[in-house]
$ cat protein19.pdb   # PDB, C-alpha atoms
ATOM      1  CA  MET A 504     121.438 142.221  78.043
ATOM      2  CA  CYS A 505     123.657 143.202  80.919
ATOM      3  CA  SER A 506     122.749 145.989  83.318
ATOM      4  CA  PHE A 507     124.194 147.544  86.429
ATOM      5  CA  PHE A 508     123.081 149.884  89.190
ATOM      6  CA  ILE A 509     123.988 153.513  89.665
ATOM      7  CA  TYR A 510     122.891 155.869  92.369
ATOM      8  CA  ILE A 511     120.855 158.755  91.080
ATOM      9  CA  HIS A 512     120.444 161.737  93.359
ATOM     10  CA  GLN A 513     117.336 163.759  92.593
ATOM     11  CA  GLU A 514     117.036 167.380  93.567
ATOM     12  CA  THR A 515     114.131 169.754  93.801
ATOM     13  CA  HIS A 516     114.387 173.380  92.849
ATOM     14  CA  THR A 517     112.495 175.882  94.997
ATOM     15  CA  LYS A 518     112.880 179.635  94.682
ATOM     16  CA  GLY A 519     116.417 179.558  93.350
ATOM     17  CA  LYS A 520     117.684 177.014  95.866
ATOM     18  CA  THR A 521     118.542 173.417  95.129
ATOM     19  CA  GLU A 522     117.566 171.007  97.867
ATOM     20  CA  PRO A 523     118.377 167.283  97.876
ATOM     21  CA  ARG A 524     115.330 165.048  97.728
ATOM     22  CA  ASN A 525     116.126 161.396  98.049
ATOM     23  CA  THR A 526     118.656 159.045  96.604
ATOM     24  CA  VAL A 527     117.106 156.596  94.172
ATOM     25  CA  MET A 528     118.738 153.393  93.045
ATOM     26  CA  SER A 529     118.085 152.919  89.377
ATOM     27  CA  SER A 530     118.999 150.206  86.956
ATOM     28  CA  ILE A 531     120.172 151.588  83.633
ATOM     29  CA  PRO A 532     121.001 149.059  80.934
ATOM     30  CA  LEU A 533     124.349 149.375  79.196
ATOM     31  CA  ALA A 534     122.575 149.864  75.901
ATOM     32  CA  ALA A 535     120.559 152.828  77.196
ATOM     33  CA  PRO A 536     120.980 155.881  74.981
ATOM     34  CA  LEU A 537     123.346 157.778  77.278
ATOM     35  CA  HIS A 538     125.606 160.178  75.473
ATOM     36  CA  ALA A 539     127.565 163.360  75.970
ATOM     37  CA  ASP A 540     126.139 164.952  72.842
ATOM     38  CA  SER A 541     123.521 163.957  70.327
ATOM     39  CA  ALA A 542     126.076 162.900  67.701
ATOM     40  CA  SER A 543     127.969 160.335  69.774
ATOM     41  CA  PRO A 544     126.870 156.697  70.159
ATOM     42  CA  ALA A 545     125.865 155.062  73.453
ATOM     43  CA  VAL A 546     128.529 155.438  76.149
ATOM     44  CA  GLU A 547     129.261 152.923  78.873
ATOM     45  CA  MET A 548     129.079 154.390  82.371
ATOM     46  CA  ASP A 549     131.006 153.473  85.454
ATOM     47  CA  PRO A 550     128.769 152.896  88.475
ATOM     48  CA  VAL A 551     129.395 156.389  89.891
ATOM     49  CA  GLU A 552     126.941 158.687  91.633
ATOM     50  CA  TYR A 553     125.160 160.957  89.203
ATOM     51  CA  THR A 554     122.647 163.726  89.718
ATOM     52  CA  LEU A 555     119.510 163.238  87.655
ATOM     53  CA  ARG A 556     118.005 166.476  86.371
ATOM     54  CA  LYS A 557     114.790 166.016  84.452
ATOM     55  CA  ARG A 558     114.227 168.762  81.912
ATOM     56  CA  LEU A 559     110.753 170.101  81.364
ATOM     57  CA  PRO A 560     108.995 168.849  78.227
ATOM     58  CA  ARG A 561     108.993 171.086  75.202
ATOM     59  CA  LYS A 562     106.414 173.811  75.362
ATOM     60  CA  LEU A 563     103.130 173.002  73.702
ATOM     61  CA  PRO A 564     100.916 175.808  72.430
ATOM     62  CA  LYS A 565      99.334 177.643  75.352
ATOM     63  CA  ARG A 566      95.940 179.036  74.514
ATOM     64  CA  ARG A 567      93.390 180.333  76.974
ATOM     65  CA  ASN A 568      91.373 177.139  76.608
ATOM     66  CA  ASP A 569      94.336 174.733  77.154
ATOM     67  CA  VAL A 570      94.504 172.992  80.523
ATOM     68  CA  TYR A 571      97.685 171.095  81.399
ATOM     69  CA  VAL A 572      96.897 168.522  84.084
ATOM     70  CA  ASN A 573      99.554 167.487  86.607
ATOM     71  CA  MET A 574      99.663 165.357  89.725
ATOM     72  CA  LYS A 575     100.743 168.130  92.102
ATOM     73  CA  THR A 576      97.662 170.354  91.889
ATOM     74  CA  ASP A 577      94.499 169.284  93.692
ATOM     75  CA  PHE A 578      92.098 167.352  91.460
ATOM     76  CA  ARG A 579      89.062 169.416  92.486
ATOM     77  CA  ALA A 580      90.909 172.650  91.702
ATOM     78  CA  GLN A 581      91.792 171.425  88.211
ATOM     79  CA  LEU A 582      88.216 170.265  87.647
ATOM     80  CA  ALA A 583      86.850 173.622  88.856
ATOM     81  CA  ARG A 584      89.196 175.474  86.505
ATOM     82  CA  CYS A 585      87.919 173.444  83.542
ATOM     83  CA  GLN A 586      84.287 174.042  84.551
ATOM     84  CA  LYS A 587      84.955 177.755  84.910
ATOM     85  CA  LEU A 588      86.486 177.916  81.420
ATOM     86  CA  LEU A 589      83.512 176.110  79.881
ATOM     87  CA  GLU A 590      80.750 177.883  81.776
ATOM     88  CA  GLY A 591      82.020 181.353  82.600
ATOM     89  CA  GLY A 592      84.978 181.743  80.267
ATOM     90  CA  GLY A 593      82.987 181.949  77.079
ATOM     91  CA  HIS A 594      84.722 178.918  75.547
ATOM     92  CA  ARG A 595      82.719 176.294  73.670
ATOM     93  CA  GLU A 596      85.674 173.888  73.891
ATOM     94  CA  ILE A 597      88.744 173.252  76.004
ATOM     95  CA  CYS A 598      91.735 170.958  75.541
ATOM     96  CA  VAL A 599      92.822 168.898  78.527
ATOM     97  CA  HIS A 600      96.442 167.696  78.246
ATOM     98  CA  GLY A 601      98.047 164.996  80.395
ATOM     99  CA  LEU A 602     101.596 163.625  80.325
ATOM    100  CA  GLY A 603     102.766 160.323  81.826
ATOM    101  CA  LEU A 604     101.223 159.673  85.225
ATOM    102  CA  ALA A 605      98.746 162.534  84.718
ATOM    103  CA  ILE A 606      97.016 160.744  81.808
ATOM    104  CA  ASN A 607      94.536 159.017  84.129
ATOM    105  CA  ARG A 608      93.766 162.303  85.856
ATOM    106  CA  ALA A 609      93.197 164.079  82.519
ATOM    107  CA  ILE A 610      90.781 161.328  81.442
ATOM    108  CA  ASN A 611      88.998 161.484  84.779
ATOM    109  CA  ILE A 612      88.605 165.278  84.545
ATOM    110  CA  ALA A 613      87.160 165.005  81.021
ATOM    111  CA  LEU A 614      84.709 162.293  82.081
ATOM    112  CA  GLN A 615      83.660 164.278  85.169
ATOM    113  CA  LEU A 616      82.999 167.322  82.981
ATOM    114  CA  GLN A 617      80.895 165.232  80.607
ATOM    115  CA  ALA A 618      78.927 163.633  83.458
ATOM    116  CA  SER A 619      78.218 166.966  85.163
ATOM    117  CA  SER A 620      76.842 168.388  81.899
ATOM    118  CA  GLN A 621      74.240 165.557  81.610
ATOM    119  CA  GLY A 622      75.726 164.521  78.265
ATOM    120  CA  ALA A 623      75.771 167.997  76.690
ATOM    121  CA  LEU A 624      79.564 167.863  76.313
ATOM    122  CA  GLN A 625      81.358 165.558  73.914
ATOM    123  CA  LEU A 626      84.920 164.262  74.086
ATOM    124  CA  ALA A 627      87.548 163.621  71.424
ATOM    125  CA  ALA A 628      90.854 162.126  72.573
ATOM    126  CA  ASN A 629      94.217 161.890  70.821
ATOM    127  CA  THR A 630      97.320 160.204  72.150
ATOM    128  CA  SER A 631     100.929 160.970  71.366
ATOM    129  CA  THR A 632     104.462 160.213  72.432
ATOM    130  CA  VAL A 633     106.613 162.996  73.823
ATOM    131  CA  GLU A 634     110.403 162.788  73.841
ATOM    132  CA  LEU A 635     111.875 163.918  77.174
ATOM    133  CA  VAL A 636     115.513 164.674  77.948
ATOM    134  CA  ASP A 637     117.265 163.979  81.263
ATOM    135  CA  ASP A 638     120.672 165.293  82.287
ATOM    136  CA  LEU A 639     123.004 163.018  84.240
ATOM    137  CA  GLU A 640     125.665 165.067  85.973
ATOM    138  CA  PRO A 641     128.448 163.437  87.990
ATOM    139  CA  GLU A 642     128.408 164.222  91.711
ATOM    140  CA  ASP A 643     132.183 164.692  91.742
ATOM    141  CA  PRO A 644     133.390 166.240  88.460
ATOM    142  CA  ASP A 645     137.026 165.348  89.207
ATOM    143  CA  GLU A 646     136.345 161.622  89.599
ATOM    144  CA  ALA A 647     133.830 160.969  86.837
ATOM    145  CA  GLY A 648     133.594 161.851  83.182
ATOM    146  CA  GLU A 649     131.604 164.569  81.547
ATOM    147  CA  PRO A 650     127.851 165.153  81.985
ATOM    148  CA  MET A 651     125.573 163.033  79.841
ATOM    149  CA  THR A 652     122.043 163.271  78.528
ATOM    150  CA  ARG A 653     119.456 160.562  78.186
ATOM    151  CA  THR A 654     116.365 160.726  76.025
ATOM    152  CA  ARG A 655     113.246 158.780  76.826
ATOM    153  CA  ASN A 656     109.710 158.621  75.534
ATOM    154  CA  ASN A 657     106.594 159.325  77.559
ATOM    155  CA  SER A 658     102.944 158.951  76.631
ATOM    156  CA  ALA A 659     100.609 161.934  76.428
ATOM    157  CA  ILE A 660      96.904 162.470  75.913
ATOM    158  CA  HIS A 661      95.069 165.475  74.498
ATOM    159  CA  ILE A 662      91.314 165.498  75.123
ATOM    160  CA  LYS A 663      89.060 167.999  73.389
ATOM    161  CA  VAL A 664      86.002 168.666  75.558
ATOM    162  CA  PHE A 665      83.382 170.588  73.564
ATOM    163  CA  TYR A 666      79.750 171.485  73.088
ATOM    164  CA  PRO A 667      78.586 170.103  69.736
ATOM    165  CA  ASP A 668      77.236 172.614  67.229
ATOM    166  CA  PRO A 669      73.422 172.842  67.328
ATOM    167  CA  GLN A 670      71.754 171.591  64.155
TER
END
$ encode --input "protein19.pdb" --output "structure tokens"
Amino acid sequence: MCSFFIYIHQETHTKGKTEPRNTVMSSIPLAAPLHADSASPAVEMDPVEYTLRKRLPRKLPKRRNDVYVNMKTDFRAQLARCQKLLEGGGHREICVHGLGLAINRAINIALQLQASSQGALQLAANTSTVELVDDLEPEDPDEAGEPMTRTRNNSAIHIKVFYPDPQ
């Protein structure tokens, strides 16, 4: 399979402003599912500079006992939030969700909760695959073609941390 390099310029969005982050060189195979709309087949790209905009994943149900773990928030703060929900929040169970790189952190939080409870808490884990969508927009709209989208899969974990029912 043949591949080529394109420059992808990532941007961060803070309070309504778009600031450039860093330019990343990425190798995208020709057979990658890049397309202008979902109905068209794979499109070959010229090696032109594109801006990569990663869309947020689809919204999962947000209940009071759902905790979505990420890599930006401090680990101890996320762990404290989970402990607060279990101890002071009146919940007998919480769901800890992790996506991609945050899977290890979600597992670690669940295991820390179980260890701190001296085995009173039990864990039940499920894994899934989440489809994510990226937008590739040309840096110079006059030079390049139209914007494209790329779909990719990412792993996710959903850990139920709960007190078992007394018997």
$ closest_residue --input "protein19.pdb" --among "A:Asp577, A:Lys565, A:Glu552, A:Arg558" --to "Thr652 (chain A)" --atoms "all atoms listed in the file"
A:Arg558
$ closest_residue --input "protein19.pdb" --among "A:Leu626, A:Leu639, A:Ile606, A:Ile612" --to "Lys557 (chain A)" --atoms "only C-alpha atoms"
A:Leu639
$ resolve_selection --input "protein19.pdb" --expression "the PyMOL selection byres ((chain A and resi 573) around 12)" --output "PyMOL selection string"
chain A and resi 570-572+574-578+580-582+599-610+612+659
$ write_last_selection --input "protein19.pdb" --atoms "C-alpha atoms" --output "PDB file, in the coordinates of the input"
ATOM      1  CA  VAL A 570      94.504 172.992  80.523  1.00  0.00           C
ATOM      2  CA  TYR A 571      97.685 171.095  81.399  1.00  0.00           C
ATOM      3  CA  VAL A 572      96.897 168.522  84.084  1.00  0.00           C
ATOM      4  CA  MET A 574      99.663 165.357  89.725  1.00  0.00           C
ATOM      5  CA  LYS A 575     100.743 168.130  92.102  1.00  0.00           C
ATOM      6  CA  THR A 576      97.662 170.354  91.889  1.00  0.00           C
ATOM      7  CA  ASP A 577      94.499 169.284  93.692  1.00  0.00           C
ATOM      8  CA  PHE A 578      92.098 167.352  91.460  1.00  0.00           C
ATOM      9  CA  ALA A 580      90.909 172.650  91.702  1.00  0.00           C
ATOM     10  CA  GLN A 581      91.792 171.425  88.211  1.00  0.00           C
ATOM     11  CA  LEU A 582      88.216 170.265  87.647  1.00  0.00           C
ATOM     12  CA  VAL A 599      92.822 168.898  78.527  1.00  0.00           C
ATOM     13  CA  HIS A 600      96.442 167.696  78.246  1.00  0.00           C
ATOM     14  CA  GLY A 601      98.047 164.996  80.395  1.00  0.00           C
ATOM     15  CA  LEU A 602     101.596 163.625  80.325  1.00  0.00           C
ATOM     16  CA  GLY A 603     102.766 160.323  81.826  1.00  0.00           C
ATOM     17  CA  LEU A 604     101.223 159.673  85.225  1.00  0.00           C
ATOM     18  CA  ALA A 605      98.746 162.534  84.718  1.00  0.00           C
ATOM     19  CA  ILE A 606      97.016 160.744  81.808  1.00  0.00           C
ATOM     20  CA  ASN A 607      94.536 159.017  84.129  1.00  0.00           C
ATOM     21  CA  ARG A 608      93.766 162.303  85.856  1.00  0.00           C
ATOM     22  CA  ALA A 609      93.197 164.079  82.519  1.00  0.00           C
ATOM     23  CA  ILE A 610      90.781 161.328  81.442  1.00  0.00           C
ATOM     24  CA  ILE A 612      88.605 165.278  84.545  1.00  0.00           C
ATOM     25  CA  ALA A 659     100.609 161.934  76.428  1.00  0.00           C
TER      26      ALA A 659
END
$ closest_residue --input "protein19.pdb" --among "A:Gln625, A:Gln615, A:Thr554, A:Ser620" --to "Pro667 (chain A)" --atoms "all atoms listed in the file"
A:Gln625
$ residues_around --input "protein19.pdb" --residues "region 628-637 of chain A" --least-positions-apart "5" --cutoff "12 Å" --atoms "all atoms listed in the file" --output "number ranges by chain"
A: 511, 513, 536-541, 553-563, 597-603, 606, 609-610, 613-614, 650-665
$ atom_distance --input "protein19.pdb" --atom1 "CA of Tyr666 (chain A)" --atom2 "CA of Gln617 (chain A)"
9.8 Å
$ atom_distance --input "protein19.pdb" --atom1 "CA of Ser619 (chain A)" --atom2 "CA of Arg567 (chain A)"
21.8 Å
$ closest_residue --input "protein19.pdb" --among "A:Ala583, A:Leu588, A:Ala623, A:Leu616" --to "Asn568 (chain A)" --atoms "all atoms listed in the file"
A:Leu588
$ atom_distance --input "protein19.pdb" --atom1 "CA of Leu624 (chain A)" --atom2 "CA of Asp668 (chain A)"
10.5 Å
$ build_atoms --input "protein19.pdb" --residues "region 564-575 of chain A" --atoms "all heavy atoms" --output "short mmCIF file (atom, residue, chain, number, x, y, z; two decimals), keeping the file's coordinate frame"
data_model
loop_
_atom_site.label_atom_id
_atom_site.label_comp_id
_atom_site.auth_asym_id
_atom_site.auth_seq_id
_atom_site.Cartn_x
_atom_site.Cartn_y
_atom_site.Cartn_z
N PRO A 564 101.63 174.54 72.56
CA PRO A 564 100.92 175.81 72.43
C PRO A 564 100.05 176.07 73.66
O PRO A 564 99.38 175.17 74.17
CB PRO A 564 100.03 175.60 71.20
CG PRO A 564 100.60 174.45 70.49
CD PRO A 564 101.35 173.63 71.48
N LYS A 565 100.11 177.29 74.17
CA LYS A 565 99.33 177.64 75.35
C LYS A 565 98.28 178.66 74.95
O LYS A 565 98.56 179.82 74.72
CB LYS A 565 100.26 178.23 76.43
CG LYS A 565 99.55 178.66 77.68
CD LYS A 565 98.99 177.47 78.42
CE LYS A 565 98.41 177.92 79.76
NZ LYS A 565 97.10 177.43 79.98
N ARG A 566 97.07 178.17 74.81
CA ARG A 566 95.94 179.04 74.51
C ARG A 566 95.14 179.20 75.79
O ARG A 566 95.35 178.48 76.77
CB ARG A 566 95.07 178.42 73.42
CG ARG A 566 95.84 178.19 72.11
CD ARG A 566 95.03 177.36 71.18
NE ARG A 566 94.89 176.02 71.78
CZ ARG A 566 94.45 174.96 71.15
NH1 ARG A 566 94.05 175.05 69.92
NH2 ARG A 566 94.36 173.79 71.75
N ARG A 567 94.21 180.10 75.77
CA ARG A 567 93.39 180.33 76.97
C ARG A 567 92.53 179.12 77.33
O ARG A 567 92.17 178.94 78.48
CB ARG A 567 92.49 181.55 76.78
CG ARG A 567 93.24 182.84 76.73
CD ARG A 567 92.25 184.01 76.71
NE ARG A 567 92.93 185.27 76.53
CZ ARG A 567 93.39 186.02 77.52
NH1 ARG A 567 93.25 185.60 78.75
NH2 ARG A 567 93.99 187.16 77.28
N ASN A 568 92.22 178.30 76.34
CA ASN A 568 91.37 177.14 76.61
C ASN A 568 92.17 175.84 76.73
O ASN A 568 91.60 174.76 76.69
CB ASN A 568 90.29 177.01 75.54
CG ASN A 568 90.85 176.84 74.15
OD1 ASN A 568 92.01 177.11 73.90
ND2 ASN A 568 90.01 176.38 73.24
N ASP A 569 93.50 175.92 76.89
CA ASP A 569 94.34 174.73 77.15
C ASP A 569 94.50 174.56 78.66
O ASP A 569 94.78 175.51 79.37
CB ASP A 569 95.72 174.89 76.53
CG ASP A 569 95.73 174.60 75.05
OD1 ASP A 569 94.89 173.81 74.59
OD2 ASP A 569 96.58 175.16 74.35
N VAL A 570 94.32 173.32 79.11
CA VAL A 570 94.50 172.99 80.52
C VAL A 570 95.52 171.86 80.58
O VAL A 570 95.28 170.78 80.03
CB VAL A 570 93.18 172.57 81.19
CG1 VAL A 570 93.41 172.18 82.64
CG2 VAL A 570 92.15 173.68 81.10
N TYR A 571 96.65 172.11 81.24
CA TYR A 571 97.68 171.10 81.40
C TYR A 571 97.54 170.48 82.79
O TYR A 571 97.75 171.15 83.79
CB TYR A 571 99.08 171.69 81.19
CG TYR A 571 99.30 172.11 79.76
CD1 TYR A 571 99.00 173.39 79.32
CD2 TYR A 571 99.77 171.19 78.83
CE1 TYR A 571 99.17 173.75 77.99
CE2 TYR A 571 99.94 171.54 77.51
CZ TYR A 571 99.64 172.83 77.10
OH TYR A 571 99.81 173.17 75.79
N VAL A 572 97.17 169.22 82.83
CA VAL A 572 96.90 168.52 84.08
C VAL A 572 98.20 167.96 84.63
O VAL A 572 99.03 167.43 83.89
CB VAL A 572 95.88 167.39 83.83
CG1 VAL A 572 95.65 166.56 85.06
CG2 VAL A 572 94.58 167.96 83.31
N ASN A 573 98.39 168.10 85.95
CA ASN A 573 99.55 167.49 86.61
C ASN A 573 99.09 166.78 87.88
O ASN A 573 97.92 166.86 88.26
CB ASN A 573 100.64 168.53 86.89
CG ASN A 573 100.17 169.61 87.83
OD1 ASN A 573 99.50 169.34 88.82
ND2 ASN A 573 100.50 170.84 87.51
N MET A 574 100.01 166.12 88.53
CA MET A 574 99.66 165.36 89.72
C MET A 574 99.90 166.15 91.01
O MET A 574 99.59 165.67 92.09
CB MET A 574 100.47 164.05 89.77
CG MET A 574 100.14 163.10 88.64
SD MET A 574 98.40 162.63 88.58
CE MET A 574 98.28 161.63 90.04
N LYS A 575 100.45 167.34 90.90
CA LYS A 575 100.74 168.13 92.10
C LYS A 575 99.55 168.98 92.53
O LYS A 575 99.32 169.18 93.72
CB LYS A 575 101.96 169.03 91.86
CG LYS A 575 103.24 168.24 91.71
CD LYS A 575 104.42 169.15 91.53
CE LYS A 575 105.69 168.32 91.38
NZ LYS A 575 106.86 169.16 91.19
#
